[in-house]
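The structure file structure14.cif is reproduced below (mmCIF, C-alpha atoms).
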```cif
data_coords
loop_
_atom_site.label_atom_id
_atom_site.label_comp_id
_atom_site.auth_asym_id
_atom_site.auth_seq_id
_atom_site.Cartn_x
_atom_site.Cartn_y
_atom_site.Cartn_z
CA MET N 23 17.18 -68.65 -0.97
CA VAL N 24 17.59 -72.41 -0.74
CA THR N 25 19.87 -72.43 -3.78
CA GLY N 26 21.93 -69.62 -2.31
CA ALA N 27 22.29 -71.42 1.01
CA LEU N 28 23.45 -74.60 -0.73
CA VAL N 29 25.91 -72.80 -2.99
CA ILE N 30 27.34 -70.60 -0.23
CA GLY N 31 27.64 -73.54 2.16
CA LYS N 32 29.37 -75.70 -0.44
CA PHE N 33 31.67 -73.31 -2.29
CA PHE N 34 32.11 -70.06 -0.37
CA ASN N 35 32.50 -71.14 3.26
CA SER N 36 36.28 -70.56 3.26
CA LEU N 37 36.05 -66.94 2.08
CA PRO N 38 36.24 -64.11 4.60
CA ARG N 39 32.69 -63.17 5.61
CA ARG N 40 32.97 -59.62 4.28
CA ARG N 41 33.82 -60.96 0.80
CA LEU N 42 30.28 -62.36 0.64
CA VAL N 43 28.34 -59.74 2.59
CA ILE N 44 29.56 -56.53 0.96
CA PRO N 45 29.09 -57.58 -2.70
CA ALA N 46 25.68 -59.03 -1.76
CA ILE N 47 24.63 -55.68 -0.28
CA ILE N 48 25.73 -53.86 -3.44
CA ILE N 49 23.96 -56.39 -5.68
CA SER N 50 20.82 -56.13 -3.54
CA GLY N 51 20.82 -52.35 -4.00
CA ILE N 52 21.16 -52.74 -7.76
CA LEU N 53 18.35 -55.33 -7.85
CA LEU N 54 16.01 -53.17 -5.76
CA PHE N 55 16.73 -50.23 -8.04
CA GLY N 56 16.02 -52.54 -10.99
CA VAL N 57 12.63 -53.41 -9.52
CA GLY N 58 11.89 -49.70 -9.40
CA ILE N 59 12.80 -49.02 -13.02
CA ALA N 60 11.44 -52.30 -14.47
CA PRO N 61 7.94 -50.98 -15.24
CA THR N 62 9.39 -47.99 -17.07
CA VAL N 63 11.78 -50.19 -19.05
CA ALA N 64 8.92 -52.59 -19.90
CA THR N 65 6.83 -49.68 -21.17
CA LEU N 66 9.72 -48.46 -23.32
CA LEU N 67 10.22 -51.96 -24.73
CA ASP N 68 6.53 -52.16 -25.60
CA TYR N 69 6.86 -48.99 -27.69
CA THR N 70 9.47 -50.69 -29.85
CA THR N 71 7.23 -53.63 -30.79
CA LEU N 72 4.82 -53.80 -33.68
CA PRO N 73 1.46 -52.07 -33.30
CA ALA N 74 -0.97 -53.77 -30.95
CA HIS N 75 -3.46 -54.75 -33.69
CA ILE N 76 -0.88 -57.02 -35.41
CA ILE N 77 -0.66 -60.43 -33.72
CA HIS N 78 2.92 -61.45 -33.08
CA LEU N 79 4.87 -63.62 -30.70
CA ARG N 80 6.92 -62.07 -27.94
CA TYR N 81 9.97 -64.28 -27.47
CA PHE N 82 11.32 -64.40 -23.94
CA PHE N 83 14.97 -64.04 -24.86
CA ASN N 84 14.33 -61.13 -27.23
CA ALA N 85 12.09 -59.10 -24.92
CA PRO N 86 11.39 -60.72 -21.55
CA SER N 87 8.07 -59.95 -19.95
CA LEU N 88 7.87 -57.82 -16.83
CA SER N 89 6.77 -60.77 -14.70
CA SER N 90 9.67 -62.90 -15.97
CA SER N 91 12.10 -60.10 -15.13
CA PHE N 92 10.63 -59.81 -11.64
CA ALA N 93 10.91 -63.58 -11.14
CA ILE N 94 14.58 -63.58 -12.10
CA GLY N 95 15.21 -60.51 -9.94
CA ALA N 96 13.44 -62.09 -6.96
CA TYR N 97 15.55 -65.22 -7.33
CA LEU N 98 18.77 -63.18 -7.41
CA LEU N 99 17.56 -61.05 -4.49
CA GLY N 100 16.98 -64.24 -2.48
CA VAL N 101 20.52 -65.41 -3.22
CA SER N 102 21.86 -61.99 -2.21
CA ALA N 103 19.83 -62.04 1.02
CA ILE N 104 21.28 -65.42 1.95
CA ALA N 105 24.78 -64.16 1.11
CA ILE N 106 24.20 -61.49 3.77
CA ILE N 107 22.36 -63.56 6.39
CA ILE N 108 24.56 -66.68 6.55
CA PRO N 109 27.94 -64.93 7.02
CA SER N 110 26.43 -62.40 9.45
CA GLN N 111 24.87 -65.14 11.57
CA THR N 112 28.16 -67.06 11.45
CA VAL N 113 30.11 -64.04 12.69
CA LEU N 114 27.59 -63.57 15.50
CA GLN N 115 27.87 -67.22 16.53
CA GLU N 116 31.67 -67.14 16.42
CA SER N 117 31.83 -63.90 18.40
CA THR N 118 29.66 -64.99 21.33
CA ASN N 119 30.64 -67.35 24.10
CA GLU N 120 28.68 -70.52 24.77
CA GLN N 121 27.06 -69.27 27.98
CA ASN N 122 25.49 -66.23 26.30
CA ARG N 123 24.87 -67.53 22.76
CA GLY N 124 21.32 -68.70 23.46
CA LYS N 125 20.41 -65.46 25.20
CA ILE N 126 21.86 -63.32 22.43
CA PHE N 127 20.05 -65.21 19.67
CA ALA N 128 16.80 -65.14 21.62
CA VAL N 129 17.08 -61.36 22.05
CA LEU N 130 18.02 -61.02 18.37
CA TYR N 131 14.98 -63.05 17.31
CA VAL N 132 12.63 -61.01 19.52
CA MET N 133 14.11 -57.70 18.34
CA MET N 134 13.89 -58.72 14.68
CA ASN N 135 10.22 -59.63 15.08
CA ALA N 136 9.45 -56.55 17.15
CA PHE N 137 10.96 -54.16 14.62
CA ALA N 138 9.80 -56.00 11.49
CA ALA N 139 6.45 -54.21 11.44
CA LEU N 140 7.94 -50.69 11.52
CA PRO N 141 9.61 -50.77 8.05
CA VAL N 142 6.52 -52.43 6.55
CA LEU N 143 4.24 -49.72 7.94
CA LEU N 144 6.64 -46.98 6.89
CA ALA N 145 6.94 -48.41 3.36
CA GLY N 146 3.15 -48.65 3.13
CA ILE N 147 2.64 -45.06 4.23
CA LEU N 148 5.39 -43.74 1.95
CA SER N 149 4.13 -45.76 -1.02
CA GLU N 150 0.67 -44.25 -0.56
CA ILE N 151 2.19 -40.78 -0.61
CA PHE N 152 4.86 -41.17 -3.31
CA GLY N 153 3.98 -44.43 -5.10
CA VAL N 154 5.73 -47.78 -5.16
CA THR N 155 8.34 -46.98 -7.81
CA PRO N 156 10.07 -44.16 -5.86
CA ILE N 157 10.19 -46.41 -2.77
CA PHE N 158 12.05 -49.15 -4.66
CA LEU N 159 14.32 -46.62 -6.37
CA GLY N 160 15.14 -44.89 -3.07
CA LEU N 161 15.66 -48.15 -1.20
CA GLY N 162 17.90 -49.43 -3.98
CA VAL N 163 20.03 -46.29 -3.87
CA ILE N 164 20.28 -46.39 -0.05
CA VAL N 165 21.27 -50.07 0.05
CA PHE N 166 23.77 -49.55 -2.78
CA ILE N 167 25.38 -46.61 -0.96
CA ILE N 168 25.59 -48.63 2.26
CA GLY N 169 27.37 -51.36 0.30
CA LEU N 170 29.83 -48.84 -1.11
CA LEU N 171 30.46 -47.41 2.36
CA ALA N 172 31.17 -50.91 3.65
CA SER N 173 33.45 -51.76 0.73
CA LYS N 174 35.81 -48.82 1.39
CA PRO N 175 35.22 -47.84 5.02
CA ALA N 176 38.56 -46.05 5.50
CA ILE N 177 37.44 -43.36 3.04
CA PHE N 178 34.37 -42.55 5.12
CA PHE N 179 35.33 -43.46 8.70
CA ALA N 180 38.46 -42.76 10.72
CA GLU N 181 39.92 -45.80 12.45
CA ASN N 182 39.07 -44.51 15.92
CA HIS N 183 35.39 -43.94 15.00
CA LEU N 184 34.59 -47.65 14.58
CA PRO N 185 34.87 -50.35 17.25
CA PHE N 186 37.51 -53.01 16.70
CA SER N 187 34.91 -55.74 16.06
CA ILE N 188 33.35 -53.77 13.18
CA ARG N 189 36.78 -52.88 11.75
CA GLU N 190 37.76 -56.55 11.99
CA PHE N 191 34.59 -57.62 10.14
CA LEU N 192 35.16 -55.03 7.40
CA GLY N 193 38.86 -55.94 7.18
CA LEU N 194 41.62 -54.33 9.19
CA GLY N 195 43.64 -53.77 6.00
CA HIS N 196 41.43 -50.85 5.07
CA TRP N 197 43.17 -48.71 7.69
CA GLY N 198 46.71 -49.68 6.67
CA LYS N 199 47.63 -51.90 9.60
#
```

Just give me the structure as structure tokens.
Amino acid sequence: MVTGALVIGKFFNSLPRRRLVIPAIIISGILLFGVGIAPTVATLLDYTTLPAHIIHLRYFFNAPSLSSSFAIGAYLLGVSAIAIIIPSQTVLQESTNEQNRGKIFAVLYVMMNAFAALPVLLAGILSEIFGVTPIFLGLGVIVFIIGLLASKPAIFFAENHLPFSIREFLGLGHWGK
């Protein structure tokens, strides 16, 4: 996340906010889906190696371990999260006036903390029922679809169904004006 913040702050601060947020959402969906399928892929890769009774080296670049894959995925997921958070916070700061900015961010902070427990509890309950892998697969698909919806909003939403501020964030060019 620190690397992402430094890179975004240094090189991508002049881009329109949506050019960072929307690809980051799509990449996050792909990474979450990848977390879901990683154990299955690792099992399939293990079937292609020599039998277990023969001692052999497992080179990282030939067949990365599951934990190495998760570490790389977590790093990329952190960069994607920052690519969503920084531009979104910037838009919120730019869109609020000075008198209300403190109040709005205080309410945002309280609401984020208040609602943070609900998804964790829901994920815990659903993972007990269905298992962890379907949760990651489903979450990855949902996040990916949300990213696709945001990348081409005019296909899914009529211009009069979205407020101007949301259309402006997504890019007014999507609706041909």

Review point. The PyMOL selection byres ((chain N and resi 99) around 9) on the file shown: which residues, as a PyMOL selection string?
Key: chain N and resi 23+46+49-50+53-54+94-98+100-104

Using only C-alpha atoms, please write the residues we just selected to a file, as a compact mmCIF listing (two decimals), keeping the file's coordinate frame.
```txt
# COMPACT_ATOMS: atom_id res chain seq x y z
CA MET N 23 17.18 -68.65 -0.97
CA ALA N 46 25.68 -59.03 -1.76
CA ILE N 49 23.96 -56.39 -5.68
CA SER N 50 20.82 -56.13 -3.54
CA LEU N 53 18.35 -55.33 -7.85
CA LEU N 54 16.01 -53.17 -5.76
CA ILE N 94 14.58 -63.58 -12.10
CA GLY N 95 15.21 -60.51 -9.94
CA ALA N 96 13.44 -62.09 -6.96
CA TYR N 97 15.55 -65.22 -7.33
CA LEU N 98 18.77 -63.18 -7.41
CA GLY N 100 16.98 -64.24 -2.48
CA VAL N 101 20.52 -65.41 -3.22
CA SER N 102 21.86 -61.99 -2.21
CA ALA N 103 19.83 -62.04 1.02
CA ILE N 104 21.28 -65.42 1.95
```

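Between atom CA of His196 of chain N and atom CA of Gly31 of chain N the separation is 26.7 Å.
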
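For the atom pair formed by atom CA of Val29 of chain N and atom CA of Gln115 of chain N, the distance is 20.4 Å, given to one decimal.
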
Point to revise | N:Ile167, N:Phe92, N:Phe33, N:Lys174 ranked by distance to Pro61 of chain N, top pick (using only C-alpha atoms) | key: N:Phe92

Study note, to complete from the structure: Across N:Thr25, N:Gln121, N:Asn135, N:Ser91, the smallest distance to Ile59 of chain N, with all atoms listed in the file counted, is shown by N:Ser91

Check your understanding: Which residues come within 12 Å of Phe158 of chain N, counting all atoms listed in the file, excluding same-chain residues fewer than 2 positions away, as JSON, numbers by chain?
Key -> {"N": [50, 51, 52, 53, 54, 55, 56, 57, 58, 59, 60, 61, 145, 146, 148, 149, 152, 153, 154, 155, 156, 160, 161, 162, 163, 164, 165, 166]}

Output as a Markdown table one row per residue of segment 31-66 of chain N within 12 Å of segment 111-114 of chain N: the closest atom pair and its distance in Å to one decimal place, counting all atoms listed in the file, sorted by chain and residue number ascending.
```
| residue | atom | partner | partner_atom | distance |
| --- | --- | --- | --- | --- |
| N:Gly31 | CA | N:Thr112 | CA | 11.3 |
| N:Asn35 | CA | N:Thr112 | CA | 10.1 |
| N:Pro38 | CA | N:Val113 | CA | 10.2 |
| N:Arg39 | CA | N:Val113 | CA | 7.6 |
| N:Arg40 | CA | N:Val113 | CA | 9.9 |
| N:Leu42 | CA | N:Thr112 | CA | 12.0 |
| N:Val43 | CA | N:Gln111 | CA | 11.0 |
```

**Study point:** Distance of atom CA of Ser110 of chain N from atom CA of Gly124 of chain N, expressed in Å to one decimal place
**Key:** 16.2 Å

Extract, using only C-alpha atoms, all DNA, RNA and protein residues at most 12 Å from Leu184 of chain N, discarding same-chain residues fewer than 6 positions from it, and format them as a JSON list (two decimals) with C-alpha atoms, keeping the file's coordinate frame.
```json
[["chain", "number", "residue", "atom", "x", "y", "z"],
["N", 172, "ALA", "CA", 31.17, -50.91, 3.65],
["N", 175, "PRO", "CA", 35.22, -47.84, 5.02],
["N", 176, "ALA", "CA", 38.56, -46.05, 5.50],
["N", 178, "PHE", "CA", 34.37, -42.55, 5.12],
["N", 190, "GLU", "CA", 37.76, -56.55, 11.99],
["N", 191, "PHE", "CA", 34.59, -57.62, 10.14],
["N", 192, "LEU", "CA", 35.16, -55.03, 7.40],
["N", 193, "GLY", "CA", 38.86, -55.94, 7.18],
["N", 194, "LEU", "CA", 41.62, -54.33, 9.19],
["N", 197, "TRP", "CA", 43.17, -48.71, 7.69]]
```

Around all the atoms of segment 92-95 of chain N listed in the file, draw an axis-aligned box and extend it by 5 Å on each of the six sides; I want its centre and edge lengths in Å to one decimal, as AutoDock Vina command-line options.
```
--center_x 12.9 --center_y -61.7 --center_z -11.0 --size_x 14.6 --size_y 13.8 --size_z 12.2
```

Review point. With all atoms listed in the file as the basis for distance, which of N:Ala64, N:Val142, N:Val24, N:Glu120 is at the shortest distance from Ser89 of chain N?
Key: N:Ala64
